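Q: My structure is stored as coords_27.txt, with compact mmCIF, C-alpha atoms.
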# COMPACT_ATOMS: atom_id res chain seq x y z
CA MET Q 1 -31.31 -14.71 20.42
CA ARG Q 2 -30.95 -12.86 17.11
CA TYR Q 3 -27.69 -12.61 15.17
CA VAL Q 4 -25.96 -10.61 12.47
CA VAL Q 5 -22.95 -12.47 11.09
CA ALA Q 6 -19.92 -10.81 9.46
CA ARG Q 7 -18.32 -13.61 7.51
CA HIS Q 8 -14.89 -13.34 5.94
CA CYS Q 9 -14.85 -11.86 2.45
CA TYR Q 10 -13.16 -13.52 -0.50
CA GLY Q 11 -11.29 -10.26 -1.12
CA GLY Q 12 -8.74 -8.31 0.89
CA ILE Q 13 -8.72 -6.73 4.32
CA GLY Q 14 -10.63 -3.67 3.07
CA ASP Q 15 -13.57 -5.89 2.15
CA HIS Q 16 -13.34 -7.62 5.53
CA LEU Q 17 -13.40 -4.31 7.41
CA SER Q 18 -16.18 -2.79 5.32
CA CYS Q 19 -18.35 -5.82 5.99
CA LEU Q 20 -17.46 -5.83 9.69
CA VAL Q 21 -18.29 -2.15 10.21
CA GLY Q 22 -21.57 -2.40 8.32
CA VAL Q 23 -22.68 -5.53 10.14
CA TRP Q 24 -21.76 -4.01 13.52
CA TRP Q 25 -23.96 -1.02 12.71
CA LEU Q 26 -26.87 -3.28 11.75
CA ALA Q 27 -26.42 -5.27 14.97
CA LYS Q 28 -26.36 -2.10 17.06
CA ARG Q 29 -29.38 -0.61 15.32
CA THR Q 30 -31.49 -3.79 15.62
CA ASN Q 31 -30.24 -4.94 19.04
CA ARG Q 32 -28.70 -8.20 17.78
CA THR Q 33 -25.56 -10.11 18.69
CA LEU Q 34 -22.65 -9.60 16.30
CA VAL Q 35 -20.86 -12.76 15.16
CA VAL Q 36 -17.50 -12.32 13.42
CA ASP Q 37 -16.57 -15.46 11.50
CA TRP Q 38 -13.22 -15.13 9.76
CA ARG Q 39 -12.40 -18.87 9.68
CA GLY Q 40 -12.19 -18.96 5.90
CA SER Q 41 -10.20 -15.73 5.56
CA ARG Q 42 -7.01 -15.65 3.53
CA PHE Q 43 -5.48 -14.05 6.64
CA ASN Q 44 -6.14 -17.06 8.87
CA PRO Q 45 -2.84 -18.50 10.14
CA ASP Q 46 -4.62 -21.87 10.55
CA PRO Q 47 -4.47 -23.58 7.12
CA SER Q 48 -7.22 -25.99 8.18
CA MET Q 49 -9.50 -22.97 8.69
CA GLU Q 50 -11.10 -24.66 11.70
CA SER Q 51 -10.23 -21.83 14.08
CA ASN Q 52 -11.44 -18.24 13.90
CA CYS Q 53 -8.66 -15.71 13.32
CA PHE Q 54 -10.40 -12.43 14.27
CA PHE Q 55 -8.88 -12.33 17.76
CA SER Q 56 -5.46 -13.15 16.29
CA TYR Q 57 -5.34 -9.51 15.15
CA PHE Q 58 -7.79 -7.56 17.32
CA SER Q 59 -7.94 -7.57 21.12
CA ALA Q 60 -10.40 -10.14 22.46
CA ARG Q 61 -13.50 -8.63 24.01
CA HIS Q 62 -17.16 -9.54 24.37
CA ASN Q 63 -18.51 -6.09 23.54
CA ILE Q 64 -17.48 -3.73 20.74
CA GLY Q 65 -19.05 -0.29 20.56
CA GLY Q 66 -21.98 -1.33 22.72
CA VAL Q 67 -22.72 -4.54 20.80
CA GLU Q 68 -22.34 -8.06 22.19
CA VAL Q 69 -19.77 -9.95 20.13
CA ILE Q 70 -19.00 -13.61 19.52
CA ALA Q 71 -15.73 -13.99 17.61
CA ASP Q 72 -13.92 -16.96 19.15
CA ASN Q 73 -13.58 -20.52 17.88
CA SER Q 74 -17.18 -21.35 18.79
CA VAL Q 75 -18.57 -19.60 15.70
CA GLY Q 76 -18.57 -22.76 13.59
CA ALA Q 77 -20.73 -24.62 16.09
CA LEU Q 78 -23.33 -21.93 16.80
CA ASN Q 79 -26.94 -23.03 16.42
CA TYR Q 80 -28.33 -20.17 14.36
CA PRO Q 81 -32.10 -19.68 14.49
CA MET Q 82 -33.91 -20.08 11.18
CA PRO Q 83 -34.80 -18.61 8.75
CA VAL Q 84 -31.63 -16.91 7.54
CA TRP Q 85 -31.24 -14.05 5.09
CA PRO Q 86 -29.97 -14.51 2.44
CA THR Q 87 -31.54 -17.96 2.08
CA LYS Q 88 -28.36 -19.37 0.50
CA TRP Q 89 -26.96 -19.70 4.01
CA THR Q 90 -27.99 -23.20 5.04
CA PRO Q 91 -26.88 -24.75 8.36
CA SER Q 92 -24.23 -26.67 6.42
CA ALA Q 93 -22.91 -23.50 4.77
CA LEU Q 94 -22.83 -21.67 8.10
CA ALA Q 95 -20.83 -24.47 9.70
CA SER Q 96 -18.33 -24.44 6.85
CA PRO Q 97 -15.51 -21.88 6.44
CA SER Q 98 -16.15 -21.73 2.69
CA HIS Q 99 -17.21 -18.53 0.94
CA LEU Q 100 -20.55 -18.27 -0.89
CA HIS Q 101 -20.85 -16.15 -4.04
CA HIS Q 102 -23.22 -13.21 -4.21
CA ASP Q 103 -24.65 -11.34 -7.18
CA LEU Q 104 -25.40 -7.67 -7.82
CA ALA Q 105 -29.01 -8.00 -6.70
CA GLU Q 106 -27.97 -9.39 -3.32
CA ILE Q 107 -25.28 -6.71 -2.92
CA ALA Q 108 -27.86 -3.99 -3.58
CA GLN Q 109 -30.22 -5.53 -1.02
CA ALA Q 110 -27.45 -5.78 1.56
CA ASN Q 111 -26.40 -2.16 1.06
CA LYS Q 112 -30.00 -1.02 1.40
CA LEU Q 113 -30.40 -3.08 4.56
CA ILE Q 114 -27.38 -1.44 6.21
CA THR Q 115 -28.41 2.12 5.34
CA SER Q 116 -32.15 1.81 5.97
CA GLY Q 117 -33.96 1.91 9.30
CA THR Q 118 -35.59 -1.48 8.86
CA ASP Q 119 -35.26 -4.48 11.16
CA PRO Q 120 -35.60 -7.69 9.12
CA LEU Q 121 -37.94 -10.41 10.37
CA GLU Q 122 -35.31 -13.12 9.92
CA PRO Q 123 -33.54 -13.84 13.24
CA THR Q 124 -30.21 -14.47 11.47
CA ILE Q 125 -28.63 -12.15 8.90
CA VAL Q 126 -25.35 -13.18 7.21
CA LEU Q 127 -23.20 -10.88 5.07
CA ASN Q 128 -19.87 -11.55 3.39
CA GLN Q 129 -19.20 -8.66 1.03
CA TRP Q 130 -18.11 -5.05 0.70
CA LEU Q 131 -20.87 -2.79 2.05
CA ASP Q 132 -21.31 0.72 0.73
CA PRO Q 133 -21.92 3.40 1.84
CA PRO Q 134 -20.47 2.95 5.35
CA PRO Q 135 -22.47 3.80 8.47
CA PRO Q 136 -22.44 7.38 9.84
CA ARG Q 137 -18.95 8.58 10.71
CA GLU Q 138 -19.84 9.29 14.35
CA ALA Q 139 -21.12 5.75 14.79
CA VAL Q 140 -18.02 4.17 13.23
CA GLN Q 141 -15.77 6.24 15.51
CA ILE Q 142 -17.50 4.64 18.51
CA PHE Q 143 -16.80 1.24 16.98
CA LEU Q 144 -13.14 2.07 16.36
CA GLN Q 145 -12.53 3.06 19.96
CA ASP Q 146 -13.01 -0.58 20.93
CA LEU Q 147 -11.34 -2.17 17.89
CA THR Q 148 -7.72 -2.25 19.02
CA PRO Q 149 -4.85 -4.39 17.71
CA VAL Q 150 -3.32 -7.21 19.70
CA GLU Q 151 -0.09 -6.38 21.53
CA PRO Q 152 2.42 -7.76 18.96
CA ILE Q 153 0.86 -5.67 16.20
CA ALA Q 154 0.73 -2.54 18.36
CA ASP Q 155 4.37 -3.11 19.34
CA GLY Q 156 5.40 -3.56 15.69
CA ALA Q 157 3.75 -0.27 14.78
CA GLN Q 158 5.36 1.53 17.71
CA GLN Q 159 8.83 0.25 16.82
CA PHE Q 160 8.51 1.54 13.26
CA TRP Q 161 7.12 4.84 14.50
CA ASP Q 162 9.94 5.36 16.97
CA ALA Q 163 12.56 4.58 14.33
CA HIS Q 164 11.17 6.60 11.42
CA ILE Q 165 8.71 9.18 12.74
CA GLY Q 166 9.67 9.98 16.30
CA LYS Q 167 7.84 12.97 17.75
CA ALA Q 168 6.85 14.44 14.38
CA PRO Q 169 3.33 14.15 12.96
CA ALA Q 170 2.83 11.88 9.96
CA ILE Q 171 0.61 11.89 6.90
CA ALA Q 172 -0.43 8.53 5.48
CA ILE Q 173 -0.44 8.15 1.70
CA HIS Q 174 -2.37 5.12 0.47
CA ILE Q 175 -2.33 4.37 -3.24
CA ARG Q 176 -3.44 1.07 -4.75
CA HIS Q 177 -1.64 0.11 -7.93
CA GLY Q 178 -2.39 -3.59 -8.17
CA ASN Q 179 1.04 -4.60 -9.48
CA GLY Q 180 -0.71 -6.71 -12.09
CA GLU Q 181 -4.03 -7.15 -10.31
CA ASN Q 182 -7.14 -5.73 -11.99
CA LEU Q 183 -8.42 -2.78 -9.91
CA GLY Q 184 -11.74 -2.33 -11.68
CA SER Q 185 -12.74 1.31 -12.05
CA ARG Q 186 -9.65 2.42 -10.11
CA ALA Q 187 -7.67 1.90 -13.30
CA ALA Q 188 -8.72 5.51 -14.01
CA TYR Q 189 -6.03 6.71 -11.61
CA TRP Q 190 -3.17 5.03 -13.47
CA LEU Q 191 -4.01 4.70 -17.17
CA GLY Q 192 -4.02 7.09 -20.07
CA PRO Q 193 -7.39 7.79 -21.74
CA VAL Q 194 -7.08 5.24 -24.58
CA ALA Q 195 -5.95 2.41 -22.29
CA LEU Q 196 -8.66 3.31 -19.78
CA ILE Q 197 -11.41 2.97 -22.39
CA LYS Q 198 -10.03 -0.44 -23.31
CA GLN Q 199 -9.73 -1.56 -19.67
CA LEU Q 200 -13.21 -0.45 -18.62
CA THR Q 201 -14.75 -2.01 -21.74
CA ILE Q 202 -13.06 -5.33 -20.99
CA ASN Q 203 -14.20 -5.13 -17.37
CA ALA Q 204 -17.80 -4.29 -18.33
CA ARG Q 205 -18.00 -7.43 -20.46
CA ASN Q 206 -16.76 -9.60 -17.61
CA ASP Q 207 -18.98 -11.14 -14.92
CA VAL Q 208 -16.95 -10.99 -11.73
CA TYR Q 209 -19.88 -12.53 -9.84
CA ASN Q 210 -20.07 -15.78 -11.79
CA ARG Q 211 -19.86 -18.91 -9.68
CA GLY Q 212 -16.64 -20.19 -11.15
CA VAL Q 213 -13.09 -19.23 -10.24
CA SER Q 214 -10.99 -17.71 -13.00
CA GLY Q 215 -8.30 -15.14 -13.65
CA LYS Q 216 -4.64 -14.85 -12.74
CA PHE Q 217 -5.52 -14.26 -9.09
CA SER Q 218 -8.68 -16.44 -8.89
CA ASP Q 219 -10.80 -13.30 -8.57
CA ASN Q 220 -12.81 -13.70 -11.80
CA MET Q 221 -11.19 -10.55 -13.16
CA PRO Q 222 -9.69 -10.00 -16.64
CA ARG Q 223 -6.10 -8.94 -17.13
CA SER Q 224 -4.95 -5.54 -15.95
CA LEU Q 225 -3.48 -2.94 -18.31
CA ILE Q 226 -1.99 -0.90 -15.44
CA GLY Q 227 1.78 -0.79 -15.64
CA GLY Q 228 1.80 -1.88 -19.26
CA ARG Q 229 3.81 -0.54 -22.14
CA GLY Q 230 3.26 3.16 -22.68
CA GLN Q 231 1.70 3.78 -19.25
CA ALA Q 232 4.84 4.85 -17.33
CA LYS Q 233 4.27 8.57 -17.93
CA TYR Q 234 0.72 8.31 -16.56
CA GLU Q 235 2.00 6.55 -13.45
CA ARG Q 236 4.51 9.35 -12.87
CA ARG Q 237 1.86 11.98 -13.47
CA PHE Q 238 -0.40 10.45 -10.82
CA CYS Q 239 2.48 10.13 -8.35
CA ARG Q 240 3.23 13.83 -8.87
CA THR Q 241 -0.42 14.60 -8.11
CA VAL Q 242 -0.18 12.55 -4.92
CA ALA Q 243 2.87 14.52 -3.77
CA GLU Q 244 1.02 17.78 -4.40
CA ALA Q 245 -1.91 16.53 -2.33
CA PHE Q 246 0.46 15.73 0.54
CA ARG Q 247 1.85 19.25 0.49
CA GLY Q 248 -1.65 20.66 0.29
CA LEU Q 249 -2.53 19.31 3.73
CA ALA Q 250 0.11 21.71 5.09
CA ILE Q 251 0.73 19.91 8.38
CA PRO Q 252 4.03 21.39 9.66
CA ASN Q 253 7.01 19.01 9.76
CA ALA Q 254 4.81 16.03 8.79
CA VAL Q 255 6.57 12.87 7.66
CA PRO Q 256 4.94 11.15 4.65
CA ILE Q 257 4.33 7.41 5.14
CA LEU Q 258 3.57 5.51 1.96
CA PHE Q 259 1.31 2.47 1.88
CA SER Q 260 1.37 0.86 -1.55
CA ASP Q 261 1.24 -2.57 -3.16
CA ALA Q 262 3.91 -2.03 -5.84
CA GLY Q 263 7.62 -1.63 -5.16
CA HIS Q 264 8.36 0.50 -8.21
CA ILE Q 265 5.70 3.01 -7.13
CA VAL Q 266 7.54 3.45 -3.83
CA GLU Q 267 10.66 4.42 -5.80
CA ILE Q 268 8.76 6.89 -8.00
CA MET Q 269 7.18 8.53 -4.96
CA ARG Q 270 10.64 8.99 -3.43
CA GLU Q 271 11.54 11.15 -6.42
CA PHE Q 272 8.69 13.54 -5.62
CA LEU Q 273 8.83 13.26 -1.82
CA PRO Q 274 12.44 12.49 -0.81
CA THR Q 275 11.58 12.23 2.91
CA ILE Q 276 8.91 9.58 2.38
CA VAL Q 277 9.15 6.40 4.46
CA ALA Q 278 7.58 2.99 3.91
CA LYS Q 279 7.56 -0.14 6.01
CA PRO Q 280 9.86 -2.77 4.50
CA LYS Q 281 7.92 -5.75 3.18
CA ARG Q 282 8.64 -8.94 1.32
CA GLU Q 283 9.56 -8.08 -2.26
CA VAL Q 284 7.21 -9.08 -5.07
CA LYS Q 285 8.28 -9.04 -8.70
CA ARG Q 286 6.76 -6.35 -10.87
CA GLY Q 287 3.44 -7.50 -12.33
CA GLU Q 288 3.06 -10.46 -9.96
CA GLY Q 289 0.26 -8.90 -7.96
CA PRO Q 290 0.04 -7.45 -4.44
CA LEU Q 291 1.40 -9.26 -1.41
CA HIS Q 292 -2.06 -9.97 -0.06
CA GLN Q 293 -3.14 -12.16 -2.96
CA ILE Q 294 -3.70 -15.85 -2.37
CA ASN Q 295 -1.99 -18.54 -4.40
CA ALA Q 296 -4.43 -19.39 -7.19
CA ALA Q 297 -3.41 -23.04 -7.01
CA SER Q 298 -4.67 -23.24 -3.42
CA VAL Q 299 -8.29 -22.32 -4.26
CA ARG Q 300 -10.82 -25.13 -3.94
CA GLN Q 301 -14.56 -25.39 -4.52
CA ASP Q 302 -16.83 -27.72 -2.59
CA SER Q 303 -20.56 -28.15 -2.03
CA ASN Q 304 -20.51 -25.25 0.44
CA GLY Q 305 -18.72 -22.74 -1.77
CA ILE Q 306 -15.14 -21.59 -2.34
CA ARG Q 307 -12.27 -22.23 0.03
CA GLY Q 308 -9.27 -20.04 -0.65
CA GLY Q 309 -5.71 -20.46 0.53
CA THR Q 310 -3.98 -18.57 3.30
CA ILE Q 311 -1.21 -15.98 3.13
CA SER Q 312 2.16 -16.26 4.87
CA ASP Q 313 2.14 -15.12 8.49
CA ASP Q 314 4.87 -12.49 8.00
CA ILE Q 315 2.93 -10.83 5.17
CA VAL Q 316 -0.27 -10.73 7.21
CA PHE Q 317 1.54 -9.37 10.28
CA ASP Q 318 3.08 -6.55 8.23
CA MET Q 319 -0.33 -5.73 6.78
CA PHE Q 320 -1.96 -5.32 10.19
CA VAL Q 321 1.01 -3.28 11.41
CA GLU Q 322 0.46 -0.98 8.42
CA LEU Q 323 -3.23 -0.66 9.30
CA GLU Q 324 -2.26 0.47 12.79
CA LEU Q 325 0.41 2.86 11.49
CA MET Q 326 -2.10 4.45 9.13
CA ARG Q 327 -4.59 4.92 11.95
CA ARG Q 328 -1.96 6.80 14.00
CA CYS Q 329 -1.36 9.40 11.31
CA SER Q 330 -2.52 13.02 11.56
CA GLY Q 331 -3.58 13.23 7.91
CA LEU Q 332 -4.44 10.94 5.03
CA VAL Q 333 -4.10 11.12 1.26
CA PHE Q 334 -6.03 8.23 -0.27
CA MET Q 335 -7.62 6.74 -3.33
CA ASP Q 336 -10.76 4.60 -3.26
CA SER Q 337 -9.87 1.48 -1.28
CA GLY Q 338 -11.14 -0.21 1.84
CA PHE Q 339 -7.65 -0.49 3.31
CA SER Q 340 -7.83 3.10 4.52
CA LEU Q 341 -11.38 2.78 5.92
CA LEU Q 342 -10.39 2.82 9.59
CA ALA Q 343 -7.93 5.69 9.20
CA ARG Q 344 -10.15 7.97 7.16
CA THR Q 345 -13.08 7.43 9.50
CA SER Q 346 -10.95 8.38 12.50
CA LEU Q 347 -9.75 11.70 11.06
CA ASP Q 348 -11.58 15.00 10.63
CA GLU Q 349 -12.57 15.90 7.08
CA ASN Q 350 -10.04 18.73 6.88
CA ARG Q 351 -7.24 16.20 7.38
CA LEU Q 352 -8.31 14.05 4.42
CA VAL Q 353 -7.54 14.33 0.71
CA ARG Q 354 -9.48 11.94 -1.50
CA LEU Q 355 -7.54 11.58 -4.72
CA LYS Q 356 -9.36 11.75 -8.06
CA PRO Q 357 -8.40 10.65 -11.55
CA THR Q 358 -7.95 13.33 -14.20
CA LEU Q 359 -11.06 15.06 -15.48
CA ILE Q 360 -10.86 13.29 -18.86
CA ASN Q 361 -10.63 9.89 -17.15
CA ARG Q 362 -13.61 10.68 -14.94
CA LEU Q 363 -15.60 11.61 -18.03
CA ILE Q 364 -14.51 8.38 -19.74
CA SER Q 365 -15.60 6.38 -16.70
CA ARG Q 366 -19.07 7.92 -16.81
CA MET Q 367 -19.33 7.38 -20.55
CA VAL Q 368 -18.45 3.69 -20.31
CA GLU Q 369 -20.86 3.28 -17.42
CA ARG Q 370 -23.72 4.73 -19.44
CA MET Q 371 -22.86 2.57 -22.44
CA SER Q 372 -22.58 -0.63 -20.45
CA ASN Q 373 -25.26 0.15 -17.84
CA SER Q 374 -23.22 -1.92 -15.45
CA TYR Q 375 -21.33 -1.70 -12.22
CA SER Q 376 -17.58 -1.76 -11.83
CA GLN Q 377 -15.76 -4.84 -10.63
CA ILE Q 378 -15.40 -3.43 -7.10
CA GLY Q 379 -19.17 -3.25 -6.68
CA ARG Q 380 -19.62 0.50 -7.10
CA PRO Q 381 -20.69 2.69 -10.04
CA LEU Q 382 -17.92 3.60 -12.45
CA SER Q 383 -18.59 7.29 -11.77
CA SER Q 384 -18.04 6.97 -8.02
CA PHE Q 385 -15.10 9.39 -8.17
CA GLY Q 386 -17.32 12.45 -7.83
CA SER Q 387 -17.10 15.63 -9.87
In structure tokens, write the structure found in this file.
A:
Amino acid sequence: MRYVVARHCYGGIGDHLSCLVGVWWLAKRTNRTLVVDWRGSRFNPDPSMESNCFFSYFSARHNIGGVEVIADNSVGALNYPMPVWPTKWTPSALASPSHLHHDLAEIAQANKLITSGTDPLEPTIVLNQWLDPPPPREAVQIFLQDLTPVEPIADGAQQFWDAHIGKAPAIAIHIRHGNGENLGSRAAYWLGPVALIKQLTINARNDVYNRGVSGKFSDNMPRSLIGGRGQAKYERRFCRTVAEAFRGLAIPNAVPILFSDAGHIVEIMREFLPTIVAKPKREVKRGEGPLHQINAASVRQDSNGIRGGTISDDIVFDMFVELELMRRCSGLVFMDSGFSLLARTSLDENRLVRLKPTLINRLISRMVERMSNSYSQIGRPLSSFGS
């Protein structure tokens, strides 16, 4: 038997889903069994990380989109045929829930593998990172038809919908702010030109892929300038642009639903869109990062890699409810982030608005990219915003 393994990612749910979708496509294209191993995920309710949490959030099934799937607690004991690509995945590493680092060269190889028509000779392929670009939209839609939430999550989404949306259509608005977390090239949405040059220059000098664990959020990222002194007017300007994009979709009687990681941004958006609704979540102090960050003190390194901590069950539950709410919407306004991957793949192109930074900030991003000849900290070129 041949396998493609979607391991948990050290990052957030967007990274998890991007990896999962890409690995599913590779498994389907090469007629392999898909293994989903999320034991080491920050979203695992089992702090020992001995159990697999994938079926804690998605309905258990043995076939997803025409691909045989193994995603139960047996994943840690599977006898994977050798050799494995990448070669860093030894039998010991595969049995462990720990995360293994990857570098830019490996990321480029993985992305090429997903998008090419090749079938690697190795019987076992293991991936644990954001994969870009995603598979063809039509293929992902087949996958999504079978990827359904477990009943408690579906019920939580329905309760919110009944209370705040009712029979009206809704437009999802997803904007990542970071609330103190470094967003890499996405700083271009929130910063003024001078601060953006400083932020991107700091980021370009930083090696997010080094094998240590550093930074306020144990993500090997330098400090974020978003939300700092003098940036309030740029935040408001972007929020005004978001509101205009919502109106531009022109879906009659649509209710705006905001998905954001910063409480003060919710309040600013209410000024521009008074009817906006947002699912109540645990409050986080301004600048203390998004809810989905792990506690830096819980991160450990062992011979098999990095073992992160887990996030509180109520926070994770709310996050998956939001994913389901977003997927139920009739339109989507979004900035670059994997959190909206499922929703934006489900909708037709004419129901999507991909937000862009200002023209000057896009030019600055390209300039810094050329000067540094590097990639952004989210694994994509700094100029990925388009024209």
Q: Could you tell me which of Q:Trp25, Q:Ile197, Q:Lys281, Q:Phe259 comes closest to Pro136 of chain Q if we count all atoms listed in the file?
A: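 Closest to Pro136 of chain Q of all the choices is Q:Trp25.
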Q: Wanna dump the segment 115-226 of chain Q-segment 328-345 of chain Q contacts at 10 Å for me, each residue with its shortest atom pair and the distance in Å to one decimal, counting only C-alpha atoms, ordered by chain and number, as a tab-separated table?
A:
residue	atom	partner	partner_atom	distance
Q:Trp130	CA	Q:Gly338	CA	8.6
Q:Pro134	CA	Q:Leu341	CA	9.1
Q:Pro136	CA	Q:Thr345	CA	9.4
Q:Arg137	CA	Q:Thr345	CA	6.1
Q:Glu138	CA	Q:Thr345	CA	8.5
Q:Ala139	CA	Q:Thr345	CA	9.8
Q:Val140	CA	Q:Thr345	CA	7.0
Q:Gln141	CA	Q:Thr345	CA	6.7
Q:Phe143	CA	Q:Leu342	CA	9.9
Q:Leu144	CA	Q:Leu342	CA	7.3
Q:Leu147	CA	Q:Leu342	CA	9.7
Q:Ala157	CA	Q:Arg328	CA	9.1
Q:Gln158	CA	Q:Arg328	CA	9.8
Q:Trp161	CA	Q:Arg328	CA	9.3
Q:Ala168	CA	Q:Ser330	CA	9.9
Q:Pro169	CA	Q:Ser330	CA	6.1
Q:Ala170	CA	Q:Cys329	CA	5.1
Q:Ile171	CA	Q:Gly331	CA	4.5
Q:Ala172	CA	Q:Leu332	CA	4.7
Q:Ile173	CA	Q:Val333	CA	4.7
Q:His174	CA	Q:Phe334	CA	4.9
Q:Ile175	CA	Q:Met335	CA	5.8
Q:Arg176	CA	Q:Met335	CA	7.2
Q:Leu183	CA	Q:Ser337	CA	9.7
Q:Ser185	CA	Q:Asp336	CA	9.6
Q:Arg186	CA	Q:Asp336	CA	7.3
Q:Tyr189	CA	Q:Met335	CA	8.4
Q: Tell me which protein, DNA and RNA residues are within 7 Å of Ile114 of chain Q, counting all atoms listed in the file, leaving out same-chain ones fewer than 2 positions away, and put them as an MDAnalysis selection string.
A: chainID Q and resid 22 26 110:112 116
Q: For the residues in that selection, give me C-alpha atoms as a compact mmCIF listing (two decimals), in the frame of the given file.
A:
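Saved the output as part16.txt:
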# COMPACT_ATOMS: atom_id res chain seq x y z
CA GLY Q 22 -21.57 -2.40 8.32
CA LEU Q 26 -26.87 -3.28 11.75
CA ALA Q 110 -27.45 -5.78 1.56
CA ASN Q 111 -26.40 -2.16 1.06
CA LYS Q 112 -30.00 -1.02 1.40
CA SER Q 116 -32.15 1.81 5.97
Q: Give me, as a PyMOL selection string, all polymer residues having an atom no more than 10 Å from Pro123 of chain Q, counting all atoms listed in the file and skipping those fewer than 4 positions away in the same chain.
A: chain Q and resi 1-4+32+80-85+119
Q: Hey, what's within 12 Å of Leu78 of chain Q if we count all atoms listed in the file and toss same-chain stuff fewer than 5 positions away? As a list in words, please?
A: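 Once the adjacent positions are removed, what remains is Met1, Arg2, Tyr3, Val5, Val35, Val36, Asp37, Ile70, Ala71, Asp72, Asn73, Pro91, Ser92, Leu94, Ala95, Ser96 and Thr124 of chain Q.
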Q: Could you jot down the atom CA of Ser365 of chain Q to atom CA of Leu225 of chain Q separation for me, Å, one decimal place?
A: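 Taking atom CA of Ser365 of chain Q as the start and atom CA of Leu225 of chain Q as the end point, the length is 15.4 Å.
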Q: Please report the interatomic distance between atom CA of Pro149 of chain Q and atom CA of Met269 of chain Q in Å with one decimal.
A: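 So the answer is 28.7 Å.
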